[in-house]
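Following: one structure in structure tokens, then a few remarks.
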Amino acid sequence: AVIRLEDYRPTDYLIDRAELDIRLDRHATRILAKLHLRANPAGRPAVPLVLDGDELRLVSLAIDDVPASPQAFEASPERLVVHAPPAQPFTLTIETETDPTANTKLMGLYRSGSAYCTQCEAEGFRRITYFLDRPDVLCVFTTRIEADRQEAPVLLGNGNPVAAGEAGGGRHFAIWHDPFPKPCYLFAIVGGRLDKVADRFTTMSGRAVDVAVYVEPGKAADATYALDALKRSMAWDERVFGREYDLDVFNVVAVSDFNMGAMENKGLNIFNDKYVLASAETATDADYANIEAIIAHEYFHNWTGNRITCRDWFQLCLKEGLTVFRDQEFSADERSRAVKRIADVRVLRAQQFAEDSGPLAHPVRPRQYREINNFYTATVYEKGAEVIRMLRTLIGDDAFRRGMDLYFDRYDGTAATIEEFVACFAEASGRDLGHFAQWYEQAGTPTVNARGHYDAEAKTYRLALTQVTPPTPGQPEKAPQVIPIRLGLVGGSGAEIALSPAATAGHMPGVFVLDGPSATLTFTNVPEKPVPSLLRGFSAPVRLEIDLDEDELLVLFRYDSDAFNQWQSAQTVATRAILRAVGAGTPPAPDRRMADALRHFLSMRAGSDPAFAAQVLALPTEADIAREIGHDVDPDAVHRARQLVKVELGAALAAELAELYSQLSSREPYVPDAAGAGRRALRNACLDLFAAGRPAEGEDLAMRQFRDADNMTDRFAALGVLSHLPGAARETALAEFSERFRNNALVLDKWFSLQAMIPEPETLERLRGLMRHPAFSMGNPNRVRSLIGSFAMANLTQFNRADGAGYDFVADMVLALDARNPQVAARLLTAFRTWKMLEPRRRAEAEKALRRVAGTPGLSPDVADISGRSLS
Ligand code: ARG
Ligand code: ZN
């Protein structure tokens, strides 16, 4: 069934309080839920009460403590209907039973390892008990959890702990009370044998909060980084947004089986252990950065998501886009802002632009869905964050902060909408944001075209800008968007040319706002022909087309005061070189300018800003190039062309790369901070490029680094380089790695993923072999994503094999998974989202595989939705 935004209406009943008693048992967990209900004044009077369920089994039902007669209600696994509820406030006491061990969907109450845990967002609470399972029903929960003390010595719930004790027969209990009304998707419990690291955080008003991270026994040492990131997040939200934590405890629990990254349950965040556990030996710098970002993200949800939640699931970006924006800002403050921005834009382009240009494109706020779990997308999250960022660019930092304060003030304790959110900023800034808000409604990535003309006589520079957004499913006609373009003019010798104020009048300094189909900007008193630097800091999620030649791009690379555009111009030069090689099929005449510019850059910047230099050395990905081509893509040609350019560049810079590599070698012990990570990133980028240009020497160097490394960042980077060099060394290194880490599933995930990404025809066979590896399991989402997800999402040539075998394999995996875990299956299937831009033969093969999936009887709604939309 299709759910539509315009059909929203409030519930007919409210649930003000819920008292749950959960008696944990491996196969027969009993849930006794006492719900305090009343008619909703905003709903229809005297209608039946309809509660949601999903695969539930009702054991007993009482209305106002009296057992309900069979005629009074109707119960199915999906629904509980009370035909004529009391007119006055009343209670329902519902007893249900579930088997957490059999719950392979990992939604609702399930077992992960030896622990019990829950995942309720979006619609998992209805798998625990019958409820009004929607975000606009706010309820105060009290939860009693009971379990065998041996099996589950630790019992955690939302809110504050209020009591604990013996329950007889070797069992014990804990009672948790959460004073903040919340929707049931934020409900959670955990029970199990867990170790913890704990600390205390004192909030800005002096409240002491016990903070802890719980992990599998024996792994507490690996949770200290997460705990530290949590305390830094708490301090940052006070400092930057004035937001203070509101309970006596804050707990994080890491579990091994989790459909997504993590979940912001009130006072009890539950995490995929991949985003908690870290040690120098087992986690890379990138893992540490992810842990920091996701710990922050879930913590920040306490205000943006929990204290203020969403009226309905169409408003998902209200909490997700905003919270991603907040975690991005946190990481930017904790690390390098410029490098963080580049990394975020890479992700945005790889994930969101890809989604936005294919059959799964949808607005940041969708208007309809069949399966809400399929809308936890790059568009809702990443583009949603970009919309917030644009809003801040448009109205300025001060008005933005006033708008946020107003939002917290006005909507605390409520379930809000995008309209209500935007209105706070309109009010705080005194601007009409009506047109701007179209970013929430209109899908597709706008293309902005810029053409410059310099009049040497008049000393004026004219910039003609146009925008166009291509059609997306259900939106054939597009209107112009409000596009903030942060810009500057750079002189030929690098000086920033002052902008005549008239050019960007009415906007924030240095920002031009393109809000119609076209506009012409005139700058006066421009002493020389400038190079325009547009979209500084990537000020809007658009594609920019601009008629700069290589020399002009290299001026920006060398002199632009905006680090993002420095990086972007180097990427553009490299992209063009690769595109020329795709066209020619042979190495293009070597372009000395690029190598020379990089050589100069490295001599100037490698020492002072290694993390940034590493970003510059990383060539655009095959997927970047494919998107740039846009249609009739041949992934093999893209791969060959990129490889040619990489080899050529690596050879041209070999001496400098080797020199830099050895300069950056360090005898210092590993510290996972931004400075150390930057040096390692650059050193490993040098190794990668050097090995492309000088494969024999590169292999030796990589092998030595692989064996000598004292940390996973260097060891795994070296293995990555080796994995792209066919031969015996690669197989030796892979074998040594799996032997060394045979007991660490998260490290073996890296090993699975690396092999799945090898761009060789033998990879598919290798993959089939790895699926029989004892550490692999189709039941664990991390394993599936590492092995099969990496192949489908990140191995462009092999997933898109011309014979269709890659598609068939992934389609088989989707179907095999669907019966067990539809959410993970549907996510895997989104690998087909770019099939329409392939050349005809591959397009036909991809379509055939998609049709086979779509035509399989008994599909889950999740997979049926993705396959159906992918084919539309
Ligand atoms: N709210 C979580 C987060 O962004 C994501 C949970 C999504 N879960 C799901 N089953 N769709 O932090
Ligand atoms: Zn989130």
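Residue numbering restarts at 1 for every chain of the structure tokens, chains are lettered A, B, ... in their displayed order, and ligands are numbered from 1 as they appear.
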For ligand 1, list the contacting residues at 9 Å or closer, counting only C-alpha atoms and all ligand atoms, as an MDAnalysis selection string.
-> chainID A and resid 106:107 119:124 186 259:265 294 297:298 301 305 316 319:320 323:324 372:376 381 823
A:Tyr440 surroundings by only C-alpha atoms, 12 Å radius, close-in-sequence under 3 positions cut, as a PyMOL selection string | chain A and resi 314-318+321+362-367+379-381+383-388+391+417-419+421-422+433-437+443-444+481-482
If you run DSSP over the backbone, which residues in stretch 230-421 of chain A end up helix (DSSP H, G or I)? Put them as a PyMOL selection string.
-> chain A and resi 230-241+273-275+285-300+313-334+337-356+372-375+378-395+397-411+418-421
Pick out the residues sitting within 9 Å of A:Ser279, and hand them over as a list in words; count only C-alpha atoms, and ignore anything fewer than 2 positions along from it in its own chain.
-> Ala221, Asp222, Ala223, Tyr225, Leu277, Glu281, Thr282, Ala283, Thr284, Tyr288, Asn711 and Met712 of chain A
I need the residues from that last selection saved to file as a CSV table (one decimal), in the first residue's frame (with N, CA and C atoms), if you can.
chain,number,residue,atom,x,y,z
A,221,ALA,N,38.5,-2.5,26.5
A,221,ALA,CA,39.6,-1.6,26.2
A,221,ALA,C,39.4,-1.0,24.8
A,222,ASP,N,38.7,-1.7,23.9
A,222,ASP,CA,38.5,-1.2,22.6
A,222,ASP,C,37.3,-0.2,22.5
A,223,ALA,N,36.7,0.1,23.7
A,223,ALA,CA,35.6,1.1,23.7
A,223,ALA,C,36.0,2.4,24.2
A,225,TYR,N,37.9,4.8,23.0
A,225,TYR,CA,37.9,5.9,22.1
A,225,TYR,C,36.4,6.4,21.9
A,277,LEU,N,34.1,-0.3,18.4
A,277,LEU,CA,35.3,-1.0,18.8
A,277,LEU,C,36.5,-0.5,17.9
A,281,GLU,N,45.7,-1.8,16.5
A,281,GLU,CA,46.0,-3.0,15.7
A,281,GLU,C,44.8,-3.4,14.8
A,282,THR,N,43.6,-3.0,15.2
A,282,THR,CA,42.4,-3.5,14.4
A,282,THR,C,41.6,-2.5,13.7
A,283,ALA,N,41.8,-1.2,14.0
A,283,ALA,CA,41.0,-0.2,13.3
A,283,ALA,C,41.9,0.8,12.6
A,284,THR,N,41.4,1.3,11.4
A,284,THR,CA,42.1,2.3,10.6
A,284,THR,C,41.7,3.7,11.1
A,288,TYR,N,38.3,5.1,13.1
A,288,TYR,CA,38.3,6.1,14.2
A,288,TYR,C,37.4,7.3,13.9
A,711,ASN,N,50.2,-0.7,13.1
A,711,ASN,CA,48.8,-0.2,13.2
A,711,ASN,C,48.1,-0.7,11.9
A,712,MET,N,46.7,-0.7,12.1
A,712,MET,CA,45.9,-1.3,11.0
A,712,MET,C,45.9,-0.3,9.8
Give the answer as one residue: which of A:Asn269, A:Ala208, A:Gly358, A:Thr504 has the shortest atom-to-atom distance to ligand 2, using only C-alpha atoms and all ligand atoms?
->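 So, comparing all the options, the nearest one is A:Asn269.
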Just the residues within 7 Å of stretch 189-201 of chain A, please, counting only C-alpha atoms, with nothing from its chain fewer than 2 positions along; format it as JSON, numbers by chain.
-> {"A": [114, 115, 116, 117, 118, 151, 152, 153, 154, 155, 156, 157, 203, 208, 209, 210, 211, 212, 213, 214, 215, 216, 217, 218, 220, 223, 224, 231]}
